[in-house]
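Undergrad: Okay, handing you the structure first.
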Amino acid sequence: MTTNPVKVPFVDLKLQHQPIKTEIDTAIAKVVNKGDFILGQALSEFETAFAQASGVKYALGVASGTDAITLGLRACGIKPGDEVIVPTNTFIASVIGIIQAGAIPILAECDRNTALIDLTAATKLITPKTKAIVPVHLYGQMVSPSQLLDFAQTHNLIIFEDSAQAHLGTTEGYIAGSVGKAAGFSFYPSKNLGAFGNGGIVTTNDESVAQKMVSLRNYGAPKKYFHTELGTNSRLDTIQAAILNVKLLHLPAWNQQRNQAAQYYDLLLQPLKEEDIFPITNITGEGHVYHLYILRLNSHLASKREQIQQQMAEKGIQTGIHYPIPCHLQPAYKYLGYQVGDFPVAETLCESILSLPMYAGITQPQIELVVEELSYIIKTC
Ligand SMILES: Cc1ncc(COP(=O)(O)O)c(C=O)c1O
């Protein structure tokens with residue numbers, strides 16, 4: 001098998017880090033010299049900065065985005081046996097977080113155009129046990145805060161936002177992570193704000209949630225060697241926080257670059273609409289931070305998706321699928337009792353989506369090349 005030189009990678013972290021290498025090296029060296037690797041000064045500084053940037057009072061760093069959901073839900077008072085609504089069209093960690101908190105994930109359908117949770121369909125899932133909703137701001141686009149707040153108020157639910165893909169995303173005057181009782185973010189390296197390893201954070205305006213997080217992430221100990229609840233070890237490393245603090249300053253510009261890249265894709269891809277190929281709809285305009293740029297293929301092309309990806313790869317263009325199997329059809333979650341056909345919109349989306357290269361710094365000629373090759377491959381498919 002021949003490997004072709006990559007002309008347009010799916011993400012390019014080297015490109016992102018190269019210009020800020022000195023700043024990052026200095027930040028790391030500061031932590032190394034100080035030696036406060038766990039719950040150190042740079043973590044507090046980053047937590048303050050991230051909370052401020054996200055428009056909330058508190059932010060508590062944890063070991064991953066998955067832990068942010070698990071511990072964040074527990075800090076919000078979610079208990080074993082509670083039902084928590086979550087879209088089936090998400091990365092599996094949204095569901096894992098709910099299960100690890102002891103709750104029961106109640107999967108919901110998504111909207112065909114935005115791929116976000118369908119709140120009208122979710123209304124039918126409400127039972128006396130429903131305690132919370134975990135809306136996922138998928139691909140960098142926020143679920144409408146006004147609709148969410150209305151939904152939560154009507155059914156007396158806690159909102160816990162899965163903001164893993166939407167750092168500093170905005171809509172309707174809200175910043176991602178500031179809409180609900182609390183929210184979880186991931187700092188997985190390829191996220192809009194990524195660490196040099198794993199990391200996550202919980203944001204909240206609620207002091208009691210923040211206090212609970214301080215304890216839960218630190219062995220359930222509000223003070224040293226005094227354990228009042230079943231906690232765990234899940235802290236964001238000081239070194240990661242120091243790196244993230246440097247990167248946070250660049251995030252607004254990077255998000256803007258992603259949004260502009262998406263607009264250029266939208267423009268160049270317009271002719272493909274005639275072939276029934278559409279980008280996922282942007283209903284939030286400038287506030288969409290485009291963690292991913294995703295197309296819906298027509299049914300003929302969807303059946304040839306693997307071949308299209310292979311041909312793109314041969315031209316040096318990396319693509320992805322986010323995500324190929326909806327959560328309700330994942331083998332490990334069979335015990336939840338869902339079947340093929342339960343969520344037809346999400347199932348069709350999973351079969352027909354294609355993620356194009358997207359990262360801060362992707363150039364216009366690269367985008368032109370992606371669209372040119374894709375258009376050619378589609379026509380000859
Ligand atoms: C929507 C969503 N939720 C949760 C997570 C979990 O984050 P992590 O990988 O940091 O545990 C991710 C990313 O991986 C994600 O994309």
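Here, A, B, ... name the chains of the structure tokens in the order displayed, residue numbers run from 1 inside each chain, and ligands are numbered from 1 in the same displayed order.
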Give me, as a ChimeraX atom specification, the set of residues whose atoms come within 7 Å of any atom of ligand 1, counting only C-alpha atoms and all ligand atoms.

TA: /A:64-67,90-91,93-94,136,138,162-165,186-188,198-200

Undergrad: Report as an NGL selection string all protein, DNA and RNA residues lying within 12 Å of Ser234 (chain A), evaluated on only C-alpha atoms, omitting residues in the same chain fewer than 4 positions from it.

TA: :A and (38-39 or 60-72 or 198-202 or 213-220)

Undergrad: Could you check which of A:Val6, A:Val371, A:Val134, A:Ile24 is closest to Ile239 (chain A), using only C-alpha atoms?

TA: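 Distance minimum relative to Ile239 (chain A) lands on A:Ile24.
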
Undergrad: Per DSSP on the backbone, filter region 152-365 of chain A down to the residues in strand (DSSP E or B) and report them as number ranges by chain.

TA: A: 158-162, 170-171, 174-175, 182-186, 200-204, 218, 223, 226, 233, 278-279, 293-296, 317, 320, 353-356

Undergrad: Go ahead and dump the residues you just picked, N, CA and C atoms, as a tab-separated table (two decimals), in the first residue's frame.

TA:
chain	number	residue	atom	x	y	z
A	158	ILE	N	-32.63	20.04	35.47
A	158	ILE	CA	-31.31	20.66	35.52
A	158	ILE	C	-30.73	20.61	34.10
A	159	ILE	N	-30.10	21.70	33.68
A	159	ILE	CA	-29.36	21.66	32.40
A	159	ILE	C	-27.88	21.49	32.73
A	160	PHE	N	-27.27	20.45	32.16
A	160	PHE	CA	-25.81	20.31	32.27
A	160	PHE	C	-25.29	20.26	30.83
A	161	GLU	N	-24.65	21.34	30.39
A	161	GLU	CA	-24.21	21.43	29.00
A	161	GLU	C	-22.95	20.59	28.75
A	162	ASP	N	-22.98	19.78	27.71
A	162	ASP	CA	-21.76	19.14	27.24
A	162	ASP	C	-21.16	20.11	26.22
A	170	THR	N	-20.82	31.01	21.04
A	170	THR	CA	-21.88	31.90	21.55
A	170	THR	C	-23.13	31.78	20.70
A	171	THR	N	-24.25	32.11	21.32
A	171	THR	CA	-25.49	32.32	20.57
A	171	THR	C	-26.50	32.98	21.50
A	174	TYR	N	-25.48	34.25	24.84
A	174	TYR	CA	-24.93	33.32	25.84
A	174	TYR	C	-23.61	32.75	25.35
A	175	ILE	N	-22.72	32.45	26.30
A	175	ILE	CA	-21.47	31.77	25.98
A	175	ILE	C	-21.65	30.30	26.38
A	182	ALA	N	-24.61	23.85	35.28
A	182	ALA	CA	-23.17	23.63	35.14
A	182	ALA	C	-22.90	23.08	33.74
A	183	ALA	N	-21.62	22.97	33.40
A	183	ALA	CA	-21.26	22.47	32.07
A	183	ALA	C	-19.91	21.77	32.15
A	184	GLY	N	-19.67	20.88	31.19
A	184	GLY	CA	-18.38	20.19	31.13
A	184	GLY	C	-17.69	20.47	29.81
A	185	PHE	N	-16.39	20.68	29.88
A	185	PHE	CA	-15.55	20.90	28.69
A	185	PHE	C	-14.45	19.84	28.66
A	186	SER	N	-13.99	19.56	27.46
A	186	SER	CA	-12.83	18.66	27.28
A	186	SER	C	-11.66	19.47	26.74
A	200	GLY	N	-9.96	18.44	31.38
A	200	GLY	CA	-11.34	18.89	31.27
A	200	GLY	C	-11.63	19.93	32.33
A	201	ILE	N	-12.82	20.50	32.29
A	201	ILE	CA	-13.17	21.52	33.28
A	201	ILE	C	-14.69	21.57	33.43
A	202	VAL	N	-15.14	21.92	34.64
A	202	VAL	CA	-16.57	22.12	34.89
A	202	VAL	C	-16.77	23.61	35.17
A	203	THR	N	-17.74	24.21	34.49
A	203	THR	CA	-18.06	25.62	34.75
A	203	THR	C	-19.42	25.71	35.42
A	204	THR	N	-19.58	26.70	36.27
A	204	THR	CA	-20.86	26.89	36.96
A	204	THR	C	-20.93	28.28	37.59
A	218	ASN	N	-11.10	15.57	44.31
A	218	ASN	CA	-9.95	15.40	45.21
A	218	ASN	C	-10.27	14.38	46.31
A	223	LYS	N	-11.40	18.93	52.92
A	223	LYS	CA	-10.09	19.32	53.45
A	223	LYS	C	-9.24	18.06	53.61
A	226	PHE	N	-9.84	14.28	55.17
A	226	PHE	CA	-11.18	14.27	55.75
A	226	PHE	C	-12.16	14.04	54.60
A	233	ASN	N	-9.86	10.68	42.11
A	233	ASN	CA	-8.69	11.51	41.81
A	233	ASN	C	-8.84	12.00	40.37
A	278	PHE	N	-25.31	18.89	1.48
A	278	PHE	CA	-25.42	20.12	2.27
A	278	PHE	C	-24.49	20.08	3.47
A	279	PRO	N	-23.89	21.24	3.81
A	279	PRO	CA	-23.21	21.30	5.12
A	279	PRO	C	-24.28	21.28	6.21
A	293	TYR	N	-16.26	20.53	10.72
A	293	TYR	CA	-17.05	20.99	9.57
A	293	TYR	C	-17.60	19.75	8.88
A	294	ILE	N	-18.93	19.67	8.83
A	294	ILE	CA	-19.56	18.40	8.43
A	294	ILE	C	-20.56	18.58	7.29
A	295	LEU	N	-20.46	17.65	6.35
A	295	LEU	CA	-21.37	17.63	5.18
A	295	LEU	C	-22.34	16.46	5.30
A	296	ARG	N	-23.55	16.65	4.77
A	296	ARG	CA	-24.47	15.52	4.61
A	296	ARG	C	-24.45	15.12	3.14
A	317	ILE	N	-5.80	14.18	1.20
A	317	ILE	CA	-6.76	14.91	2.02
A	317	ILE	C	-7.39	13.97	3.05
A	320	GLY	N	-12.99	12.59	8.05
A	320	GLY	CA	-13.42	11.79	9.21
A	320	GLY	C	-14.93	11.59	9.20
A	353	ILE	N	-22.92	11.38	6.90
A	353	ILE	CA	-22.09	12.56	7.14
A	353	ILE	C	-20.63	12.32	6.78
A	354	LEU	N	-19.96	13.42	6.50
A	354	LEU	CA	-18.53	13.37	6.18
A	354	LEU	C	-17.89	14.63	6.75
A	355	SER	N	-16.83	14.46	7.54
A	355	SER	CA	-16.15	15.61	8.15
A	355	SER	C	-14.95	16.01	7.30
A	356	LEU	N	-14.90	17.28	6.95
A	356	LEU	CA	-13.78	17.79	6.13
A	356	LEU	C	-12.71	18.40	7.04

Undergrad: Please provide the set of residues having any atom within 10 Å of Leu349 (chain A), restricted to only C-alpha atoms, with same-chain residues fewer than 5 positions apart removed, written as a PyMOL selection string.

TA: chain A and resi 89+110-113+115+295-297+302+322-326+344+354

Undergrad: For the selection you just gave me, I'd like the residues written to a file as a short mmCIF file (atom, residue, chain, number, x, y, z; two decimals), in the first residue's frame, keeping N, CA and C atoms.

TA:
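Below is the file selection-v5.cif, written as the result:
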data_model
loop_
_atom_site.label_atom_id
_atom_site.label_comp_id
_atom_site.auth_asym_id
_atom_site.auth_seq_id
_atom_site.Cartn_x
_atom_site.Cartn_y
_atom_site.Cartn_z
N ASN A 89 -26.99 11.29 18.99
CA ASN A 89 -25.96 11.71 18.05
C ASN A 89 -24.92 12.57 18.77
N CYS A 110 -32.21 13.67 17.06
CA CYS A 110 -31.60 14.96 16.72
C CYS A 110 -32.29 15.57 15.51
N ASP A 111 -31.98 16.83 15.28
CA ASP A 111 -32.53 17.55 14.14
C ASP A 111 -31.71 17.23 12.88
N ARG A 112 -32.41 17.01 11.79
CA ARG A 112 -31.76 16.59 10.55
C ARG A 112 -30.76 17.64 10.02
N ASN A 113 -31.12 18.91 10.19
CA ASN A 113 -30.30 19.96 9.58
C ASN A 113 -29.14 20.41 10.46
N ALA A 115 -28.18 18.70 13.36
CA ALA A 115 -27.63 17.52 14.06
C ALA A 115 -27.66 17.68 15.58
N LEU A 295 -20.46 17.65 6.35
CA LEU A 295 -21.37 17.63 5.18
C LEU A 295 -22.34 16.46 5.30
N ARG A 296 -23.55 16.65 4.77
CA ARG A 296 -24.47 15.52 4.61
C ARG A 296 -24.45 15.12 3.14
N LEU A 297 -24.19 13.86 2.88
CA LEU A 297 -24.15 13.37 1.49
C LEU A 297 -25.52 12.82 1.09
N ALA A 302 -23.71 8.46 0.07
CA ALA A 302 -23.54 7.93 1.43
C ALA A 302 -23.14 6.45 1.37
N HIS A 322 -18.02 11.87 12.11
CA HIS A 322 -18.34 12.18 13.52
C HIS A 322 -19.84 12.24 13.72
N TYR A 323 -20.44 11.05 13.99
CA TYR A 323 -19.83 9.79 14.38
C TYR A 323 -20.50 8.70 13.56
N PRO A 324 -19.82 7.61 13.28
CA PRO A 324 -20.39 6.61 12.36
C PRO A 324 -21.52 5.78 12.95
N ILE A 325 -21.55 5.62 14.27
CA ILE A 325 -22.61 4.82 14.92
C ILE A 325 -23.24 5.66 16.03
N PRO A 326 -24.57 5.83 16.01
CA PRO A 326 -25.19 6.60 17.10
C PRO A 326 -25.07 5.83 18.42
N PRO A 344 -34.49 7.38 13.67
CA PRO A 344 -34.19 7.34 12.24
C PRO A 344 -33.38 8.53 11.73
N LEU A 354 -19.96 13.42 6.50
CA LEU A 354 -18.53 13.37 6.18
C LEU A 354 -17.89 14.63 6.75
#

Undergrad: Nearest to Pro9 (chain A) among A:Gly337, A:Thr319, A:Ile367, A:Arg258, with distances taken over only C-alpha atoms: which residue is it?

TA: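 Using only C-alpha atoms, the shortest distance to Pro9 (chain A) belongs to A:Thr319.
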